[in-house]
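A.B. asks: So here's final-v2.cif (mmCIF, C-alpha atoms).
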```cif
data_data
#
loop_
_atom_site.label_atom_id
_atom_site.label_comp_id
_atom_site.auth_asym_id
_atom_site.auth_seq_id
_atom_site.Cartn_x
_atom_site.Cartn_y
_atom_site.Cartn_z
CA MET K 1 -56.27 76.59 99.16
CA LEU K 2 -54.11 77.71 96.28
CA VAL K 3 -51.15 80.02 96.75
CA ALA K 4 -49.01 80.52 93.66
CA LEU K 5 -46.25 82.86 92.69
CA ALA K 6 -45.18 83.36 89.10
CA ILE K 7 -41.53 84.39 88.89
CA PRO K 8 -40.33 86.30 85.81
CA PHE K 9 -37.16 85.42 83.99
CA ALA K 10 -34.10 87.64 83.72
CA PRO K 11 -34.34 90.17 80.86
CA SER K 12 -31.21 89.02 79.01
CA ALA K 13 -33.22 87.16 76.38
CA ALA K 14 -30.27 86.95 74.01
CA GLN K 15 -28.42 84.72 76.46
CA ALA K 16 -31.13 83.00 78.47
CA PRO K 17 -32.76 79.86 77.00
CA ARG K 18 -36.34 80.23 75.83
CA SER K 19 -38.89 79.40 78.51
CA ILE K 20 -40.81 76.26 77.59
CA CYS K 21 -42.33 75.26 80.94
CA ILE K 22 -45.95 76.41 80.66
CA ALA K 23 -46.62 76.76 84.40
CA THR K 24 -48.71 79.78 85.38
CA ALA K 25 -49.97 81.00 88.73
CA GLY K 26 -53.10 78.86 88.37
CA SER K 27 -52.34 76.00 86.01
CA LEU K 28 -49.82 73.41 84.82
CA THR K 29 -51.85 72.55 81.72
CA ARG K 30 -52.22 74.23 78.36
CA LYS K 31 -55.65 75.66 77.60
CA ASN K 32 -56.52 73.28 74.76
CA TRP K 33 -55.68 70.13 76.72
CA LEU K 34 -58.16 67.28 76.18
CA ALA K 35 -58.28 64.49 78.73
CA PRO K 36 -58.57 60.95 77.33
CA ALA K 37 -62.00 59.36 77.28
CA GLU K 38 -62.70 57.07 80.18
CA ASN K 39 -63.03 53.37 79.39
CA PRO K 40 -65.39 51.81 81.94
CA ALA K 41 -64.76 48.33 80.56
CA GLY K 42 -61.10 48.66 81.41
CA MET K 43 -61.70 49.72 84.98
CA PRO K 44 -61.48 47.36 87.96
CA ALA K 45 -64.58 46.80 90.05
CA ARG K 46 -64.95 48.96 93.14
CA ALA K 47 -64.81 47.71 96.68
CA SER K 48 -67.91 48.59 98.66
CA SER K 49 -65.69 49.25 101.65
CA PRO K 50 -61.94 49.18 102.28
CA GLY K 51 -60.57 45.74 102.92
CA ARG K 52 -57.68 43.60 101.84
CA ALA K 53 -55.95 44.94 98.72
CA PRO K 54 -56.78 43.06 95.49
CA LEU K 55 -53.30 41.61 95.01
CA ALA K 56 -52.16 38.01 94.67
CA LEU K 57 -48.72 36.76 95.63
CA VAL K 58 -46.56 35.66 92.71
CA ALA K 59 -43.21 35.10 94.41
CA ASP K 60 -40.79 36.17 97.10
CA VAL K 61 -37.38 36.46 95.47
CA PRO K 62 -34.42 36.42 97.90
CA LEU K 63 -32.14 39.44 97.62
CA PRO K 64 -28.53 39.63 98.74
CA GLY K 65 -27.17 41.90 101.42
CA PRO K 66 -28.26 42.77 104.95
CA ALA K 67 -31.86 43.00 106.16
CA LYS K 68 -31.86 46.77 106.00
CA ARG K 69 -33.74 49.61 104.36
CA PHE K 70 -34.55 49.92 100.64
CA ASP K 71 -35.50 53.11 98.82
CA TYR K 72 -36.59 54.04 95.28
CA GLN K 73 -36.95 51.76 92.25
CA SER K 74 -36.95 52.46 88.51
CA LEU K 75 -38.31 50.19 85.79
CA ASP K 76 -36.81 50.32 82.30
CA THR K 77 -39.79 49.17 80.23
CA THR K 78 -37.63 48.72 77.12
CA THR K 79 -35.60 45.93 78.73
CA GLY K 80 -37.79 44.85 81.64
CA ARG K 81 -35.01 45.59 84.10
CA LEU K 82 -35.97 46.88 87.52
CA TYR K 83 -33.29 48.90 89.34
CA ILE K 84 -33.64 48.85 93.14
CA ALA K 85 -31.74 51.10 95.54
CA HIS K 86 -30.85 49.00 98.60
CA MET K 87 -30.11 52.04 100.72
CA ARG K 88 -28.59 50.46 103.81
CA GLY K 89 -27.31 47.48 101.89
CA ASN K 90 -25.08 49.97 100.06
CA ARG K 91 -25.85 48.43 96.69
CA LEU K 92 -27.89 48.61 93.51
CA ASP K 93 -29.93 45.50 92.71
CA VAL K 94 -30.86 44.77 89.09
CA PHE K 95 -33.84 42.46 88.56
CA ASP K 96 -35.06 41.13 85.20
CA THR K 97 -38.85 41.26 85.42
CA ARG K 98 -39.26 39.25 82.22
CA ALA K 99 -37.05 36.37 83.33
CA GLY K 100 -38.03 36.70 86.98
CA ALA K 101 -34.40 36.62 88.08
CA LEU K 102 -31.81 38.80 89.74
CA VAL K 103 -29.27 40.01 87.16
CA ALA K 104 -26.77 41.69 89.48
CA SER K 105 -26.26 43.19 92.90
CA ILE K 106 -23.64 45.90 92.60
CA HIS K 107 -21.68 47.13 95.60
CA GLY K 108 -20.34 50.65 96.01
CA PHE K 109 -23.50 52.72 96.51
CA PRO K 110 -23.51 53.55 100.24
CA GLY K 111 -26.78 55.13 101.26
CA ALA K 112 -28.39 54.74 97.81
CA THR K 113 -31.75 56.51 97.70
CA GLY K 114 -32.99 57.72 94.33
CA VAL K 115 -32.57 55.73 91.12
CA TRP K 116 -33.73 56.57 87.60
CA ALA K 117 -33.17 54.70 84.34
CA VAL K 118 -32.83 56.72 81.11
CA PRO K 119 -32.87 54.16 78.27
CA SER K 120 -32.20 56.74 75.54
CA LEU K 121 -28.84 57.51 77.15
CA HIS K 122 -28.17 53.94 78.35
CA HIS K 123 -27.65 55.46 81.78
CA VAL K 124 -28.97 54.66 85.23
CA TYR K 125 -28.58 57.47 87.76
CA VAL K 126 -28.21 56.61 91.45
CA SER K 127 -28.25 59.04 94.38
CA VAL K 128 -25.45 57.98 96.74
CA THR K 129 -26.09 59.92 99.93
CA ASP K 130 -23.14 58.75 102.03
CA ARG K 131 -20.76 60.06 99.37
CA HIS K 132 -22.85 63.15 98.53
CA GLU K 133 -22.82 62.21 94.86
CA VAL K 134 -24.81 60.92 91.92
CA ALA K 135 -23.40 57.80 90.24
CA VAL K 136 -23.96 57.16 86.53
CA VAL K 137 -24.20 53.48 85.60
CA ASP K 138 -23.99 52.08 82.05
CA ASP K 139 -27.11 49.95 81.62
CA ARG K 140 -25.31 47.60 79.18
CA THR K 141 -22.20 46.82 81.25
CA LEU K 142 -23.42 47.92 84.71
CA ALA K 143 -20.11 49.74 85.14
CA VAL K 144 -20.00 53.12 86.86
CA LEU K 145 -19.22 55.76 84.22
CA ALA K 146 -19.10 58.85 86.40
CA ARG K 147 -19.62 60.16 89.91
CA ILE K 148 -20.98 63.70 90.17
CA THR K 149 -20.72 65.72 93.35
CA GLY K 150 -22.64 68.84 94.31
CA ALA K 151 -25.48 67.54 96.50
CA ASP K 152 -25.47 67.18 100.28
CA PHE K 153 -28.21 64.52 100.37
CA PRO K 154 -29.20 63.51 96.81
CA ASP K 155 -32.58 61.83 96.63
CA GLY K 156 -35.27 61.83 93.90
CA ILE K 157 -34.22 61.96 90.24
CA ALA K 158 -35.99 63.09 87.06
CA TYR K 159 -35.00 63.45 83.41
CA ALA K 160 -36.02 66.22 80.96
CA PRO K 161 -35.61 64.53 77.54
CA ASP K 162 -35.59 67.57 75.25
CA GLU K 163 -32.80 69.23 77.21
CA ARG K 164 -31.13 65.90 78.06
CA ARG K 165 -30.77 67.09 81.64
CA ILE K 166 -31.06 65.24 84.91
CA PHE K 167 -32.55 66.95 87.96
CA VAL K 168 -31.73 65.57 91.41
CA SER K 169 -33.36 66.53 94.71
CA ASP K 170 -30.84 67.66 97.31
CA GLU K 171 -33.07 67.10 100.33
CA LYS K 172 -30.83 68.59 103.03
CA GLY K 173 -29.26 71.16 100.72
CA GLY K 174 -32.63 72.67 99.78
CA ALA K 175 -31.91 72.60 96.05
CA ASP K 176 -32.09 70.61 92.84
CA LEU K 177 -28.79 69.61 91.26
CA VAL K 178 -28.78 69.74 87.44
CA ILE K 179 -26.59 67.38 85.38
CA ASP K 180 -25.94 67.35 81.64
CA GLY K 181 -26.91 63.90 80.35
CA ALA K 182 -24.49 63.95 77.44
CA SER K 183 -21.33 64.90 79.32
CA ASN K 184 -22.28 63.89 82.90
CA GLU K 185 -21.08 67.31 84.01
CA PRO K 186 -22.90 69.32 86.69
CA LEU K 187 -24.65 72.41 85.36
CA GLY K 188 -25.41 74.02 88.71
CA ARG K 189 -27.96 74.07 91.49
CA ILE K 190 -31.45 75.55 91.74
CA ASP K 191 -32.20 76.99 95.18
CA LEU K 192 -35.66 75.86 96.31
CA GLY K 193 -35.87 77.77 99.58
CA GLY K 194 -36.59 74.61 101.57
CA GLU K 195 -36.00 70.87 101.82
CA ALA K 196 -36.41 69.00 98.55
CA GLY K 197 -38.68 65.96 98.44
CA ASN K 198 -39.10 64.05 95.21
CA THR K 199 -38.42 65.49 91.75
CA ARG K 200 -40.38 64.52 88.61
CA TYR K 201 -40.74 65.55 84.97
CA ASP K 202 -44.21 66.37 83.60
CA ALA K 203 -44.24 66.04 79.81
CA PRO K 204 -47.51 67.89 79.01
CA SER K 205 -46.38 71.05 80.84
CA HIS K 206 -42.71 70.49 80.01
CA CYS K 207 -41.83 71.33 83.61
CA ILE K 208 -39.70 69.77 86.28
CA LEU K 209 -41.75 69.51 89.48
CA VAL K 210 -40.25 69.35 92.96
CA ALA K 211 -41.95 68.83 96.31
CA VAL K 212 -40.49 71.41 98.70
CA GLN K 213 -41.51 69.53 101.81
CA SER K 214 -40.49 71.98 104.53
CA LYS K 215 -42.57 74.74 102.86
CA ASN K 216 -45.54 72.53 101.89
CA GLU K 217 -45.13 73.49 98.25
CA LEU K 218 -44.90 72.02 94.79
CA VAL K 219 -42.47 74.00 92.63
CA ALA K 220 -42.37 74.16 88.82
CA ILE K 221 -38.97 74.60 87.15
CA ASP K 222 -38.26 75.40 83.52
CA PRO K 223 -35.73 72.74 82.44
CA ALA K 224 -34.23 74.96 79.75
CA SER K 225 -33.53 78.07 81.82
CA ARG K 226 -33.22 76.13 85.11
CA ARG K 227 -35.35 78.71 86.89
CA ILE K 228 -38.38 78.43 89.13
CA VAL K 229 -41.51 79.47 87.25
CA ALA K 230 -44.23 78.97 89.88
CA ARG K 231 -44.88 77.77 93.41
CA TYR K 232 -48.08 76.03 94.51
CA ARG K 233 -49.18 75.55 98.10
CA MET K 234 -50.11 71.97 99.03
CA ALA K 235 -52.99 71.40 101.45
CA CYS K 236 -51.06 69.04 103.71
CA ASP K 237 -48.01 68.78 105.95
CA HIS K 238 -44.57 67.81 104.64
CA PRO K 239 -45.27 66.64 101.07
CA HIS K 240 -42.36 64.40 100.13
CA GLY K 241 -43.42 61.86 97.52
CA PHE K 242 -45.65 62.48 94.52
CA LEU K 243 -46.36 61.34 91.01
CA VAL K 244 -48.20 62.75 88.02
CA ASP K 245 -50.99 61.07 86.08
CA GLU K 246 -50.15 62.97 82.90
CA PRO K 247 -53.15 62.05 80.69
CA HIS K 248 -55.69 62.92 83.39
CA ARG K 249 -53.71 65.98 84.61
CA LEU K 250 -53.66 64.91 88.23
CA ALA K 251 -50.91 64.94 90.82
CA PHE K 252 -51.01 62.52 93.74
CA VAL K 253 -49.00 63.85 96.69
CA SER K 254 -48.04 61.82 99.77
CA CYS K 255 -47.63 63.90 102.91
CA GLU K 256 -45.52 62.48 105.73
CA GLY K 257 -46.42 65.06 108.38
CA ASP K 258 -50.13 64.28 108.58
CA ALA K 259 -50.34 60.90 106.78
CA ARG K 260 -52.48 62.20 103.95
CA LEU K 261 -52.76 61.67 100.22
CA VAL K 262 -53.67 64.84 98.33
CA VAL K 263 -55.10 64.91 94.80
CA VAL K 264 -54.33 68.08 92.81
CA ASP K 265 -55.99 69.00 89.51
CA LEU K 266 -53.11 70.27 87.35
CA ARG K 267 -55.51 72.25 85.18
CA THR K 268 -56.46 74.52 88.08
CA MET K 269 -53.85 73.60 90.73
CA ARG K 270 -56.66 73.12 93.21
CA THR K 271 -56.94 70.25 95.68
CA THR K 272 -59.81 67.99 94.68
CA ALA K 273 -59.49 65.35 97.40
CA THR K 274 -57.65 64.63 100.64
CA LEU K 275 -57.52 61.05 101.86
CA LYS K 276 -56.17 59.52 105.05
CA VAL K 277 -53.49 56.85 104.57
CA ASP K 278 -51.25 54.93 106.92
CA ASP K 279 -48.38 56.69 108.71
CA ASP K 280 -45.23 57.74 106.81
CA PRO K 281 -46.50 57.54 103.22
CA ASP K 282 -43.71 57.99 100.71
CA VAL K 283 -43.30 56.22 97.36
CA LEU K 284 -46.24 56.04 94.94
CA ALA K 285 -46.75 54.01 91.77
CA LEU K 286 -49.48 54.15 89.13
CA ASP K 287 -50.77 51.39 86.89
CA PRO K 288 -52.27 53.38 84.00
CA GLY K 289 -53.91 50.37 82.38
CA LEU K 290 -55.96 49.58 85.48
CA ASP K 291 -56.03 53.17 86.76
CA ARG K 292 -54.75 51.93 90.11
CA LEU K 293 -52.65 53.97 92.49
CA TYR K 294 -50.35 52.33 95.04
CA VAL K 295 -49.10 54.22 98.10
CA ALA K 296 -46.28 52.60 100.08
CA CYS K 297 -46.16 53.57 103.75
CA GLU K 298 -43.08 52.88 105.82
CA SER K 299 -45.23 52.21 108.87
CA GLY K 300 -46.19 48.90 107.27
CA SER K 301 -48.90 49.08 104.63
CA LEU K 302 -49.52 49.32 100.91
CA ASP K 303 -52.67 51.33 100.25
CA VAL K 304 -54.44 50.70 96.92
CA PHE K 305 -56.85 53.06 95.17
CA ALA K 306 -58.82 53.04 91.94
CA GLN K 307 -58.96 56.29 89.95
CA ARG K 308 -61.86 57.31 87.76
CA ASN K 309 -62.87 60.76 86.56
CA GLY K 310 -60.38 62.28 88.98
CA ALA K 311 -61.84 60.53 92.03
CA LEU K 312 -60.09 57.89 94.13
CA THR K 313 -61.83 54.89 95.67
CA SER K 314 -60.07 52.72 98.22
CA LEU K 315 -59.55 49.12 97.15
CA GLY K 316 -58.04 48.18 100.48
CA GLU K 317 -54.62 47.82 102.02
CA LEU K 318 -51.98 45.16 102.38
CA ARG K 319 -50.10 44.98 105.67
CA LEU K 320 -46.38 44.53 105.03
CA PRO K 321 -43.33 45.23 107.19
CA HIS K 322 -41.40 48.31 106.04
CA ALA K 323 -43.39 48.67 102.80
CA HIS K 324 -41.49 51.81 101.95
CA THR K 325 -41.15 51.52 98.19
CA VAL K 326 -43.32 50.22 95.34
CA ALA K 327 -42.99 49.84 91.57
CA VAL K 328 -45.45 48.67 88.92
CA ASP K 329 -44.93 47.04 85.54
CA PRO K 330 -47.72 48.55 83.40
CA GLY K 331 -47.49 45.72 80.89
CA THR K 332 -48.07 42.85 83.30
CA HIS K 333 -49.78 44.75 86.15
CA ARG K 334 -47.30 43.18 88.54
CA VAL K 335 -46.33 45.09 91.67
CA TYR K 336 -42.80 44.99 93.13
CA LEU K 337 -42.06 45.57 96.82
CA PRO K 338 -38.54 45.14 98.20
CA LEU K 339 -38.99 44.21 101.84
CA GLN K 340 -36.02 44.53 104.10
CA ASP K 341 -36.70 41.84 106.67
CA ILE K 342 -38.70 38.71 106.01
CA ASN K 343 -37.49 36.08 108.47
CA GLY K 344 -34.21 37.97 108.78
CA LYS K 345 -33.58 38.28 105.03
CA PRO K 346 -34.39 40.89 102.35
CA VAL K 347 -36.78 39.77 99.61
CA LEU K 348 -38.41 41.21 96.52
CA ARG K 349 -42.10 40.49 96.89
CA ILE K 350 -43.91 40.25 93.55
CA LEU K 351 -47.68 40.65 93.51
CA GLU K 352 -50.21 40.60 90.70
CA ALA K 353 -53.23 42.86 90.47
CA GLN K 354 -56.59 41.13 90.70
CA ASN K 355 -60.01 42.48 89.82
CA GLN K 356 -62.41 42.54 92.72
CA ALA K 357 -65.84 41.04 92.50
CA PRO K 358 -68.64 43.63 92.40
#
```
Here is the file; what I need is its structure written in the form of structure tokens.
C.D. replies:
Amino acid sequence: MLVALAIPFAPSAAQAPRSICIATAGSLTRKNWLAPAENPAGMPARASSPGRAPLALVADVPLPGPAKRFDYQSLDTTTGRLYIAHMRGNRLDVFDTRAGALVASIHGFPGATGVWAVPSLHHVYVSVTDRHEVAVVDDRTLAVLARITGADFPDGIAYAPDERRIFVSDEKGGADLVIDGASNEPLGRIDLGGEAGNTRYDAPSHCILVAVQSKNELVAIDPASRRIVARYRMACDHPHGFLVDEPHRLAFVSCEGDARLVVVDLRTMRTTATLKVDDDPDVLALDPGLDRLYVACESGSLDVFAQRNGALTSLGELRLPHAHTVAVDPGTHRVYLPLQDINGKPVLRILEAQNQAP
């Protein structure tokens, strides 16, 4: 079911920035959008029935700190550096995926949740929940450049490149905090009317999208005016994590309340599929080259799906303790899973995608 509300902008056009988010009551896609042609030769073979996920172990890399919870990751594809928020280790881990080695483990990030690398600014943004702030790290020196307050529980982070603005979910505060990327100054808060899940930027629509989990909604924000443009009802309970497959105009939404994965067509904003996953699904990652979707569930599994023509097919699951967060390198098809407690120690498990036999 689709429920959408288009919200007009204030009439002071001389002062308000021009609206560039193209969200309407029934679409997040421009009318002349053409989806890319499918390439069957590039697709992995389907599993006839769900089984073990088609992933091979590459390495378990020991990580420093206590055997406690991790959260989001962010891969800078220009340098190959993977930034990992070790939430209850109170640190930011920096892993070089090209060298296969830990670069640094930086203290001073108590309760780190969200992390997002912005190579064009040479900044890495980290949500530091225990200090109610967002830390800005220089990706060349790994020094903290600024600490920005204004969020009760900062979480997911997104970047709007044209406006050079950072949008941060304030989960408990029911808002998105907006930060100027050039000055690292806060620009204000956007009231969402409910708890904020993850926040992401969608380039084709030029909108910031936020999962408002306590209202079962996905909200579209214009990054220029910083105003809500539309609200879309999600057909599940407590949508927290999500990601956007921009070329195919699909959103994959993980719902913690009923352990479901919802597929939304961003051309019509209608739900095209609802799939059962393991309990407590949260972080998702997409390998666009293989068209594989990974769903990390804190209850202890990594669910793997193949996507073709908007449909998902299960490729199986991998049972892992506290598999809460997942990242993918689209160049190597390697999958990264920080696991908090393997024989009493935290490790970064590295897996490699494998094609399944027909």
A.B. asks: For the file shown, what are the residues hit by the PyMOL selection byres ((chain K and resi 183) around 12), laid out as a PyMOL selection string?
C.D. replies: chain K and resi 121+123+136+145-148+164-166+179-182+184-187
A.B. asks: Could you pull the residues within 8 Å of Leu63 in chain K, counting all atoms listed in the file, minus those fewer than 5 positions along the same chain, as a list in words?
C.D. replies: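 Non-adjacent residues within range: Leu102, Lys345, Pro346, Val347 and Leu348 of chain K.
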A.B. asks: As a CSV table (one decimal) with C-alpha atoms, in the frame of the given file, please: the residues near Ser214 in chain K (cut-off 9 Å, only C-alpha atoms, same-chain neighbours under 3 positions excluded).
C.D. replies:
```
chain,number,residue,atom,x,y,z
K,193,GLY,CA,-35.9,77.8,99.6
K,194,GLY,CA,-36.6,74.6,101.6
K,195,GLU,CA,-36.0,70.9,101.8
K,196,ALA,CA,-36.4,69.0,98.6
K,197,GLY,CA,-38.7,66.0,98.4
K,211,ALA,CA,-42.0,68.8,96.3
K,217,GLU,CA,-45.1,73.5,98.2
K,237,ASP,CA,-48.0,68.8,106.0
K,238,HIS,CA,-44.6,67.8,104.6
K,239,PRO,CA,-45.3,66.6,101.1
K,240,HIS,CA,-42.4,64.4,100.1
```
A.B. asks: At a cut-off of 7 Å, using only C-alpha atoms, what residues contact range 318-325 of chain K? Leave out same-chain residues fewer than 6 positions from it and give the result as a PyMOL selection string.
C.D. replies: chain K and resi 52-53+71-72+282-283+296-303+337-340
A.B. asks: Residues as selected, C-alpha atoms, written as a PDB file, in the coordinates of the input, can you do that?
C.D. replies:
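The result, stored in selection_0.pdb:
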```pdb
ATOM      1  CA  ARG K  52     -57.680  43.600 101.840  1.00  0.00           C
ATOM      2  CA  ALA K  53     -55.950  44.940  98.720  1.00  0.00           C
ATOM      3  CA  ASP K  71     -35.500  53.110  98.820  1.00  0.00           C
ATOM      4  CA  TYR K  72     -36.590  54.040  95.280  1.00  0.00           C
ATOM      5  CA  ASP K 282     -43.710  57.990 100.710  1.00  0.00           C
ATOM      6  CA  VAL K 283     -43.300  56.220  97.360  1.00  0.00           C
ATOM      7  CA  ALA K 296     -46.280  52.600 100.080  1.00  0.00           C
ATOM      8  CA  CYS K 297     -46.160  53.570 103.750  1.00  0.00           C
ATOM      9  CA  GLU K 298     -43.080  52.880 105.820  1.00  0.00           C
ATOM     10  CA  SER K 299     -45.230  52.210 108.870  1.00  0.00           C
ATOM     11  CA  GLY K 300     -46.190  48.900 107.270  1.00  0.00           C
ATOM     12  CA  SER K 301     -48.900  49.080 104.630  1.00  0.00           C
ATOM     13  CA  LEU K 302     -49.520  49.320 100.910  1.00  0.00           C
ATOM     14  CA  ASP K 303     -52.670  51.330 100.250  1.00  0.00           C
ATOM     15  CA  LEU K 337     -42.060  45.570  96.820  1.00  0.00           C
ATOM     16  CA  PRO K 338     -38.540  45.140  98.200  1.00  0.00           C
ATOM     17  CA  LEU K 339     -38.990  44.210 101.840  1.00  0.00           C
ATOM     18  CA  GLN K 340     -36.020  44.530 104.100  1.00  0.00           C
TER      19      GLN K 340
END
```
A.B. asks: Can you turn the PyMOL selection byres ((chain K and resi 87) around 12) into a concrete residue list for this file, as a PyMOL selection string?
C.D. replies: chain K and resi 65-73+84-86+88-93+107-115+126-130+155+324-325+338-340
A.B. asks: Name the closest residue to Ala203 in chain K among the candidates K:Val335, K:Met234, K:Val244, K:Leu55; distances are taken between atoms, counting all atoms listed in the file.
C.D. replies: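 Answer, going by the shortest atom-to-atom distance: K:Val244.
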A.B. asks: Can you rebuild range 150-163 of chain K with N, CA and C atoms and give it as a JSON list (two decimals), keeping the file's coordinate frame?
C.D. replies:
```
[["chain", "number", "residue", "atom", "x", "y", "z"],
["K", 150, "GLY", "N", -21.90, 67.58, 94.35],
["K", 150, "GLY", "CA", -22.64, 68.84, 94.31],
["K", 150, "GLY", "C", -23.95, 68.80, 95.06],
["K", 151, "ALA", "N", -24.26, 67.66, 95.71],
["K", 151, "ALA", "CA", -25.48, 67.54, 96.50],
["K", 151, "ALA", "C", -25.13, 67.02, 97.89],
["K", 152, "ASP", "N", -25.72, 67.61, 98.91],
["K", 152, "ASP", "CA", -25.47, 67.18, 100.28],
["K", 152, "ASP", "C", -26.15, 65.84, 100.55],
["K", 153, "PHE", "N", -27.44, 65.75, 100.19],
["K", 153, "PHE", "CA", -28.21, 64.52, 100.37],
["K", 153, "PHE", "C", -29.05, 64.29, 99.12],
["K", 154, "PRO", "N", -28.44, 63.73, 98.05],
["K", 154, "PRO", "CA", -29.20, 63.51, 96.81],
["K", 154, "PRO", "C", -30.29, 62.48, 97.02],
["K", 155, "ASP", "N", -31.43, 62.71, 96.38],
["K", 155, "ASP", "CA", -32.58, 61.83, 96.63],
["K", 155, "ASP", "C", -33.30, 61.54, 95.31],
["K", 156, "GLY", "N", -34.49, 62.12, 95.10],
["K", 156, "GLY", "CA", -35.27, 61.83, 93.90],
["K", 156, "GLY", "C", -34.60, 62.34, 92.63],
["K", 157, "ILE", "N", -34.87, 61.65, 91.52],
["K", 157, "ILE", "CA", -34.22, 61.96, 90.24],
["K", 157, "ILE", "C", -35.27, 62.02, 89.14],
["K", 158, "ALA", "N", -35.12, 62.98, 88.23],
["K", 158, "ALA", "CA", -35.99, 63.09, 87.06],
["K", 158, "ALA", "C", -35.15, 63.46, 85.84],
["K", 159, "TYR", "N", -35.72, 63.20, 84.66],
["K", 159, "TYR", "CA", -35.00, 63.45, 83.41],
["K", 159, "TYR", "C", -35.89, 64.26, 82.47],
["K", 160, "ALA", "N", -35.34, 65.39, 81.96],
["K", 160, "ALA", "CA", -36.02, 66.22, 80.96],
["K", 160, "ALA", "C", -35.45, 65.84, 79.60],
["K", 161, "PRO", "N", -36.19, 65.11, 78.76],
["K", 161, "PRO", "CA", -35.61, 64.53, 77.54],
["K", 161, "PRO", "C", -35.20, 65.54, 76.47],
["K", 162, "ASP", "N", -35.96, 66.61, 76.29],
["K", 162, "ASP", "CA", -35.59, 67.57, 75.25],
["K", 162, "ASP", "C", -34.27, 68.26, 75.55],
["K", 163, "GLU", "N", -34.05, 68.57, 76.80],
["K", 163, "GLU", "CA", -32.80, 69.23, 77.21],
["K", 163, "GLU", "C", -31.70, 68.23, 77.54]]
```
